[in-house]
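Novice: Dropping in model_5.cif, with mmCIF, C-alpha atoms.
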```cif
data_input
#
loop_
_atom_site.label_atom_id
_atom_site.label_comp_id
_atom_site.auth_asym_id
_atom_site.auth_seq_id
_atom_site.Cartn_x
_atom_site.Cartn_y
_atom_site.Cartn_z
CA MET A 1 -20.55 -15.66 24.10
CA ARG A 2 -20.03 -14.61 20.47
CA VAL A 3 -20.94 -11.21 19.13
CA VAL A 4 -21.50 -10.96 15.39
CA ARG A 5 -21.25 -7.46 13.97
CA ARG A 6 -22.76 -6.52 10.61
CA LEU A 7 -21.51 -3.63 8.52
CA GLY A 8 -22.13 -2.91 4.87
CA GLY A 9 -23.00 -6.51 4.05
CA LEU A 10 -19.97 -7.89 5.93
CA VAL A 11 -20.39 -10.35 8.79
CA LEU A 12 -17.60 -10.40 11.34
CA GLY A 13 -17.54 -12.90 14.18
CA ALA A 14 -15.50 -12.20 17.33
CA THR A 15 -13.47 -14.78 19.18
CA ALA A 16 -10.15 -15.05 21.04
CA VAL A 17 -6.74 -15.18 19.36
CA VAL A 18 -3.15 -15.00 20.51
CA SER A 19 -1.41 -11.67 20.25
CA MET A 20 2.03 -11.14 18.73
CA SER A 21 3.36 -10.90 22.26
CA GLY A 22 2.02 -14.38 23.06
CA GLN A 23 -0.85 -13.16 25.28
CA ALA A 24 -4.51 -13.90 24.69
CA ALA A 25 -6.44 -11.03 23.15
CA ALA A 26 -9.98 -10.51 21.91
CA ALA A 27 -10.09 -10.37 18.14
CA PRO A 28 -12.10 -11.72 15.22
CA ASP A 29 -11.98 -15.25 13.91
CA PRO A 30 -10.87 -14.88 10.27
CA ALA A 31 -13.12 -17.80 9.33
CA GLU A 32 -16.14 -15.70 10.30
CA VAL A 33 -15.54 -12.93 7.77
CA ASP A 34 -18.20 -13.06 5.06
CA LEU A 35 -16.85 -11.08 2.12
CA PRO A 36 -19.04 -9.42 -0.51
CA GLU A 37 -19.73 -11.55 -3.57
CA GLY A 38 -16.79 -11.71 -5.96
CA MET A 39 -14.24 -10.12 -3.61
CA THR A 40 -10.94 -11.78 -2.74
CA ALA A 41 -9.36 -10.21 0.33
CA SER A 42 -6.56 -10.53 2.83
CA TYR A 43 -5.97 -8.33 5.83
CA LEU A 44 -3.83 -7.96 8.91
CA VAL A 45 -4.25 -5.52 11.80
CA LEU A 46 -1.63 -4.98 14.49
CA ASP A 47 -2.48 -3.10 17.66
CA ARG A 48 0.87 -1.58 18.60
CA THR A 49 -0.35 -0.78 22.13
CA THR A 50 -1.44 -4.27 23.17
CA GLY A 51 0.56 -6.34 20.71
CA ALA A 52 -2.59 -8.13 19.54
CA SER A 53 -2.98 -8.91 15.86
CA TRP A 54 -5.71 -10.44 13.74
CA GLY A 55 -5.84 -11.28 10.09
CA MET A 56 -7.10 -13.41 7.23
CA GLU A 57 -4.96 -15.00 4.51
CA GLU A 58 -2.21 -12.58 5.51
CA HIS A 59 0.48 -14.42 3.56
CA LYS A 60 -1.44 -14.58 0.28
CA GLN A 61 0.39 -12.76 -2.52
CA TYR A 62 -1.13 -9.87 -4.50
CA ARG A 63 0.31 -7.53 -7.08
CA SER A 64 1.38 -4.47 -5.17
CA ALA A 65 0.18 -1.70 -7.49
CA SER A 66 1.31 1.55 -5.85
CA VAL A 67 1.96 0.03 -2.42
CA VAL A 68 5.47 -0.71 -3.74
CA LYS A 69 6.12 3.03 -3.52
CA LEU A 70 6.73 2.46 0.20
CA PHE A 71 9.70 0.28 -0.77
CA ILE A 72 10.94 2.84 -3.29
CA ALA A 73 10.90 5.66 -0.72
CA LEU A 74 12.42 3.59 2.10
CA ASP A 75 15.17 2.24 -0.15
CA TYR A 76 15.98 5.75 -1.39
CA LEU A 77 16.57 6.89 2.19
CA GLU A 78 18.33 3.75 3.44
CA THR A 79 20.82 3.58 0.58
CA ARG A 80 21.84 7.23 0.98
CA GLY A 81 22.09 7.28 4.77
CA PRO A 82 20.77 9.59 7.50
CA ASP A 83 23.24 12.37 6.72
CA HIS A 84 21.93 12.74 3.19
CA VAL A 85 20.01 15.95 2.63
CA VAL A 86 17.25 15.27 0.13
CA PRO A 87 17.68 17.85 -2.65
CA PRO A 88 14.68 19.84 -3.91
CA GLU A 89 14.57 17.93 -7.19
CA ASP A 90 14.22 14.63 -5.30
CA LEU A 91 11.65 16.06 -2.88
CA ALA A 92 9.67 16.94 -6.00
CA LEU A 93 9.60 13.20 -6.76
CA LEU A 94 9.26 11.65 -3.30
CA GLU A 95 6.54 13.89 -1.90
CA PRO A 96 3.98 13.51 -4.72
CA MET A 97 4.81 9.81 -5.00
CA LEU A 98 3.92 9.23 -1.34
CA ARG A 99 1.11 11.77 -1.00
CA SER A 100 -0.60 11.59 -4.40
CA SER A 101 0.69 8.26 -5.72
CA ASP A 102 2.48 9.88 -8.67
CA ASP A 103 3.45 7.10 -11.11
CA ASP A 104 5.96 9.13 -13.14
CA ALA A 105 7.87 9.99 -9.99
CA ALA A 106 7.90 6.33 -8.94
CA SER A 107 9.13 5.21 -12.36
CA THR A 108 11.97 7.76 -12.25
CA LEU A 109 13.20 6.58 -8.84
CA TRP A 110 12.67 2.93 -9.79
CA VAL A 111 14.98 3.20 -12.78
CA ARG A 112 17.52 5.43 -11.05
CA ASP A 113 17.92 3.23 -7.98
CA GLY A 114 18.24 -0.15 -9.64
CA TRP A 115 14.83 -1.35 -10.84
CA GLU A 116 13.95 -4.68 -9.15
CA GLN A 117 17.01 -4.42 -6.89
CA ILE A 118 14.99 -1.97 -4.79
CA VAL A 119 12.69 -4.86 -3.86
CA VAL A 120 15.59 -7.30 -3.43
CA ARG A 121 17.31 -4.96 -0.99
CA THR A 122 14.08 -4.28 0.91
CA VAL A 123 13.30 -7.98 1.27
CA ALA A 124 16.78 -8.63 2.69
CA ARG A 125 16.79 -5.59 4.96
CA LEU A 126 13.35 -6.18 6.49
CA GLY A 127 13.25 -9.98 6.38
CA LEU A 128 10.13 -10.12 4.21
CA THR A 129 8.89 -13.61 3.39
CA ASP A 130 6.22 -13.19 0.71
CA THR A 131 7.51 -10.24 -1.31
CA GLU A 132 9.05 -10.84 -4.75
CA PRO A 133 10.25 -8.42 -7.42
CA PRO A 134 8.41 -8.40 -10.73
CA ALA A 135 9.74 -10.77 -13.39
CA GLN A 136 9.33 -7.98 -15.93
CA ARG A 137 11.38 -5.41 -14.11
CA GLY A 138 9.75 -2.47 -15.85
CA LYS A 139 6.43 -3.30 -14.18
CA TRP A 140 7.03 -2.15 -10.63
CA GLY A 141 3.32 -2.51 -9.85
CA TYR A 142 3.62 -6.27 -10.37
CA THR A 143 5.82 -6.66 -7.30
CA ALA A 144 4.29 -9.46 -5.22
CA ILE A 145 3.34 -8.48 -1.66
CA SER A 146 1.27 -9.84 1.23
CA ALA A 147 -0.61 -8.21 4.08
CA ALA A 148 1.91 -9.67 6.53
CA ASP A 149 4.88 -8.20 4.70
CA VAL A 150 3.30 -4.76 4.42
CA VAL A 151 2.55 -4.75 8.16
CA ARG A 152 6.18 -5.72 8.73
CA THR A 153 7.24 -2.79 6.52
CA TYR A 154 5.28 -0.33 8.65
CA GLN A 155 6.68 -1.90 11.82
CA TYR A 156 10.18 -1.40 10.49
CA ILE A 157 9.54 2.21 9.50
CA LEU A 158 7.96 3.05 12.85
CA THR A 159 10.32 1.24 15.22
CA GLU A 160 13.57 0.18 13.53
CA ALA A 161 14.38 2.61 10.74
CA HIS A 162 16.31 5.79 11.47
CA PRO A 163 13.98 8.42 12.96
CA LYS A 164 14.65 10.67 9.96
CA TYR A 165 13.30 8.00 7.62
CA ARG A 166 10.30 7.39 9.86
CA ASP A 167 9.45 11.06 10.09
CA PHE A 168 9.86 11.62 6.37
CA ILE A 169 7.76 8.68 5.20
CA MET A 170 5.02 8.83 7.82
CA GLY A 171 4.90 12.63 7.63
CA ASN A 172 4.15 12.43 3.92
CA LEU A 173 1.62 9.62 4.33
CA ARG A 174 -0.25 11.76 6.86
CA GLN A 175 -0.55 14.40 4.13
CA ALA A 176 -2.03 12.04 1.54
CA THR A 177 -4.24 13.95 -0.87
CA ARG A 178 -7.80 12.92 -1.63
CA CYS A 179 -7.05 13.02 -5.34
CA ALA A 180 -4.21 11.04 -6.83
CA THR A 181 -2.09 12.53 -9.58
CA ASP A 182 -3.99 10.42 -12.13
CA THR A 183 -7.29 11.92 -10.81
CA PHE A 184 -8.56 8.77 -9.11
CA ASP A 185 -10.14 9.42 -5.70
CA GLN A 186 -7.88 7.67 -3.18
CA SER A 187 -10.00 8.35 -0.11
CA PHE A 188 -11.26 4.74 0.06
CA GLY A 189 -10.41 2.38 2.90
CA ILE A 190 -8.37 3.91 5.72
CA PRO A 191 -9.11 7.63 5.04
CA SER A 192 -12.86 6.97 5.07
CA ALA A 193 -12.96 4.26 7.75
CA LEU A 194 -10.41 5.20 10.41
CA PRO A 195 -10.30 8.11 12.84
CA ARG A 196 -7.76 10.84 12.28
CA PRO A 197 -4.89 11.25 12.48
CA TRP A 198 -4.15 8.46 10.01
CA ALA A 199 -1.35 7.81 7.55
CA VAL A 200 -2.05 5.99 4.30
CA LYS A 201 -0.52 4.53 1.16
CA GLN A 202 -3.07 3.25 -1.31
CA GLY A 203 -2.76 1.01 -4.34
CA TRP A 204 -5.00 0.15 -7.28
CA SER A 205 -4.63 -1.56 -10.63
CA GLY A 206 -6.86 -2.64 -13.49
CA PHE A 207 -9.18 0.36 -13.54
CA GLY A 208 -7.59 1.98 -16.59
CA ALA A 209 -5.28 4.94 -16.93
CA ALA A 210 -7.94 7.43 -15.79
CA PRO A 211 -11.36 7.38 -14.12
CA THR A 212 -14.56 7.10 -16.12
CA PRO A 213 -15.33 10.52 -17.66
CA GLY A 214 -17.31 12.58 -15.19
CA GLU A 215 -15.94 10.68 -12.17
CA GLU A 216 -12.56 12.40 -11.98
CA CYS A 217 -11.31 13.65 -8.63
CA VAL A 218 -10.84 17.39 -9.11
CA GLU A 219 -9.24 18.51 -5.84
CA PRO A 220 -5.76 19.83 -6.67
CA SER A 221 -2.95 17.42 -5.92
CA ARG A 222 0.79 17.96 -6.06
CA THR A 223 2.28 16.55 -9.24
CA ALA A 224 5.95 15.95 -9.94
CA PRO A 225 7.09 18.26 -12.75
CA VAL A 226 8.03 16.41 -15.92
CA THR A 227 11.81 16.41 -16.31
CA ARG A 228 14.29 14.99 -18.80
CA GLU A 229 15.08 12.21 -16.31
CA MET A 230 11.39 11.31 -16.03
CA ARG A 231 11.03 11.07 -19.80
CA ALA A 232 14.17 8.94 -20.01
CA ALA A 233 12.90 6.62 -17.25
CA ALA A 234 9.56 6.19 -19.00
CA ALA A 235 11.34 5.31 -22.25
CA ALA A 236 13.62 2.82 -20.47
CA ILE A 237 10.66 1.14 -18.79
CA ASP A 238 8.83 0.89 -22.12
CA ARG A 239 11.87 -0.76 -23.72
CA GLU A 240 12.21 -3.25 -20.85
CA ASN A 241 8.51 -4.14 -20.95
CA LYS A 242 8.77 -4.94 -24.65
CA ARG A 243 12.01 -6.88 -24.22
CA GLN A 244 10.72 -8.96 -21.30
CA ALA A 245 7.12 -9.36 -22.43
CA ALA A 246 7.32 -13.17 -22.43
CA LYS A 247 8.53 -13.46 -18.81
CA ALA A 248 6.02 -14.96 -16.41
CA GLU A 249 5.22 -13.01 -13.26
CA PRO A 250 4.94 -14.61 -9.80
CA ASP A 251 1.79 -16.68 -9.31
CA ILE A 252 -0.47 -13.71 -8.62
CA ASP A 253 -3.74 -12.55 -10.15
CA LEU A 254 -2.99 -9.89 -12.75
CA THR A 255 -6.50 -9.84 -14.25
CA SER A 256 -8.87 -8.85 -11.45
CA ARG A 257 -9.08 -5.24 -10.34
CA ALA A 258 -6.83 -4.65 -7.34
CA MET A 259 -7.59 -2.12 -4.62
CA HIS A 260 -5.42 -1.93 -1.49
CA THR A 261 -5.42 0.31 1.56
CA THR A 262 -2.44 0.33 3.94
CA GLY A 263 -1.29 2.52 6.79
CA THR A 264 -1.96 3.46 10.38
CA GLY A 265 -4.76 4.95 12.41
CA ARG A 266 -5.12 7.03 15.55
CA CYS A 267 -1.57 8.33 15.94
CA ASP A 268 -0.03 5.10 14.63
CA GLU A 269 -1.76 3.07 17.33
CA LYS A 270 -2.76 0.38 14.83
CA ILE A 271 -1.22 -0.77 11.59
CA VAL A 272 -3.93 -1.75 9.12
CA VAL A 273 -3.40 -3.50 5.78
CA VAL A 274 -6.30 -4.61 3.60
CA LEU A 275 -5.58 -6.09 0.14
CA THR A 276 -8.45 -6.88 -2.23
CA LEU A 277 -9.26 -8.10 -5.73
CA GLU A 278 -12.57 -7.30 -7.40
CA PRO A 279 -14.28 -8.45 -10.62
CA THR A 280 -13.53 -6.36 -13.71
CA THR A 281 -17.25 -5.64 -13.97
CA LEU A 282 -17.30 -3.74 -10.69
CA SER A 283 -16.97 0.04 -10.83
CA TRP A 284 -14.37 2.12 -9.02
CA GLN A 285 -16.96 3.51 -6.60
CA ASP A 286 -18.44 0.11 -5.79
CA SER A 287 -14.97 -1.30 -5.16
CA ALA A 288 -14.12 1.72 -2.98
CA ASP A 289 -17.31 1.30 -0.93
CA ARG A 290 -16.67 -2.40 -0.40
CA ILE A 291 -13.05 -2.05 0.75
CA THR A 292 -14.04 0.86 3.02
CA ASP A 293 -16.70 -1.28 4.73
CA LEU A 294 -14.23 -4.14 5.14
CA THR A 295 -11.54 -1.83 6.52
CA GLU A 296 -13.91 -0.33 9.07
CA ALA A 297 -15.05 -3.78 10.16
CA VAL A 298 -11.60 -5.24 10.69
CA TYR A 299 -10.25 -2.08 12.32
CA LYS A 300 -13.01 -2.03 14.93
CA ALA A 301 -13.17 -5.78 15.42
CA ASP A 302 -11.23 -5.91 18.67
CA SER A 303 -13.48 -3.34 20.35
CA ASP A 304 -16.56 -5.38 19.37
CA ALA A 305 -15.18 -8.72 20.59
CA VAL A 306 -16.21 -10.20 23.91
#
```
Once you've parsed the file, please lay out its structure as structure tokens.
Specialist:
Amino acid sequence: MRVVRRLGGLVLGATAVVSMSGQAAAAPDPAEVDLPEGMTASYLVLDRTTGASWGMEEHKQYRSASVVKLFIALDYLETRGPDHVVPPEDLALLEPMLRSSDDDAASTLWVRDGWEQIVVRTVARLGLTDTEPPAQRGKWGYTAISAADVVRTYQYILTEAHPKYRDFIMGNLRQATRCATDTFDQSFGIPSALPRPWAVKQGWSGFGAAPTPGEECVEPSRTAPVTREMRAAAAAIDRENKRQAAKAEPDIDLTSRAMHTTGTGRCDEKIVVVLTLEPTTLSWQDSADRITDLTEAVYKADSDAV
């Protein structure tokens, strides 16, 4: 028997798949997902308790937007080693970058730690198969990622990385603020669809530098203080973007509006990654509502399957 569950205009059919452990598990048939009009989406969910996983187009590449900040933080910790004590000036970069998606903090660490080499090292360390650094190395948000590789990144952080790295990264993601540093509301997807306690790293691109006037998120968020190093990093990135403007990026959509939600739910029981592209005519709130509905549907799919 097949149960079809409807949520927010999404149709999700349930069927049997094979878990990552090789055992049969109830989960949705990706072919049965009916996406909202105009949305391109990929997702992958891993139940860390049962080993079951289910996904759709999980190896399709998307521009990372701020999801690459996971790589920046992990690489910072890995390259310095577990005995490194993060100094206050670096905490002032890492914490707002992970919690409030601070772009200036990310740019500072990106330049300091080797630009695209951060991605190169992460790919080699974790064995990622779909992730590529940006051709224009100043555009860290153009790093190519896939749902499968982001799930692998969370697996590594949770089970293979040094416990200090795990606790630092996941601890900050559990303290994600509703408002990002740039005043966008980053409560879409996992924070609105999954039960607490969750941990989340969001990403978005193509919506402009700031929300539409009157739609700003006003809850205070922690912002990295502007330093001389931050100004120097911004200038270096601007120079590189101008110098490498003619370089072609990986074969990913850089035009549509990107909105991604990644992280874990219910005490890290499940890893959930949902990557989406939306038409440029769709508003921030409409995009947020659509990815939240999709995230809720795919997260709950196994419990609705028979």
Novice: Point out the residue among A:Leu282, A:Val123, A:Ala180, A:Val86 with the least atom-to-atom distance to Val68 (chain A), counting all atoms listed in the file.
Specialist: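 Among the listed residues, the smallest separation from Val68 (chain A) belongs to A:Val123.
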Novice: Residues of region 211-231 of chain A that have any atom at most 10 Å from an atom of region 102-121 of chain A: could you tabulate them with the shortest-distance atom pair and the distance in Å to one decimal, using only C-alpha atoms, ordered by chain and increasing number, as a Markdown table?
Specialist:
```
| residue | atom | partner | partner_atom | distance |
| --- | --- | --- | --- | --- |
| A:Ser221 | CA | A:Asp102 | CA | 9.7 |
| A:Arg222 | CA | A:Asp102 | CA | 8.7 |
| A:Thr223 | CA | A:Asp102 | CA | 6.7 |
| A:Ala224 | CA | A:Ala105 | CA | 6.3 |
| A:Pro225 | CA | A:Ala105 | CA | 8.8 |
| A:Val226 | CA | A:Asp104 | CA | 8.1 |
| A:Thr227 | CA | A:Thr108 | CA | 9.6 |
| A:Glu229 | CA | A:Thr108 | CA | 6.8 |
| A:Met230 | CA | A:Thr108 | CA | 5.2 |
| A:Arg231 | CA | A:Thr108 | CA | 8.3 |
```
Novice: Could you tell me how far CA of Ala135 (chain A) lies from CA of Thr281 (chain A), in Å and to one decimal?
Specialist: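 CA of Thr281 (chain A) lies 27.5 Å from CA of Ala135 (chain A).
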Novice: For the PyMOL selection byres ((chain A and resi 99) around 7), applied here, can you spell out every residue it catches as an mmCIF file with C-alpha atoms, in the coordinates of the input?
Specialist:
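And here's result28.cif as it stands now:
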```cif
data_model
loop_
_atom_site.group_PDB
_atom_site.id
_atom_site.type_symbol
_atom_site.label_atom_id
_atom_site.label_comp_id
_atom_site.auth_asym_id
_atom_site.auth_seq_id
_atom_site.Cartn_x
_atom_site.Cartn_y
_atom_site.Cartn_z
ATOM 1 C CA GLU A 95 6.540 13.890 -1.900
ATOM 2 C CA PRO A 96 3.980 13.510 -4.720
ATOM 3 C CA MET A 97 4.810 9.810 -5.000
ATOM 4 C CA LEU A 98 3.920 9.230 -1.340
ATOM 5 C CA SER A 100 -0.600 11.590 -4.400
ATOM 6 C CA SER A 101 0.690 8.260 -5.720
ATOM 7 C CA ASN A 172 4.150 12.430 3.920
ATOM 8 C CA LEU A 173 1.620 9.620 4.330
ATOM 9 C CA GLN A 175 -0.550 14.400 4.130
ATOM 10 C CA ALA A 176 -2.030 12.040 1.540
ATOM 11 C CA THR A 177 -4.240 13.950 -0.870
#
```
Novice: Provide the CA of Phe184 (chain A) to CA of Cys217 (chain A) distance in Å, to one decimal place.
Specialist: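 Value for the CA of Phe184 (chain A)-CA of Cys217 (chain A) distance: 5.6 Å.
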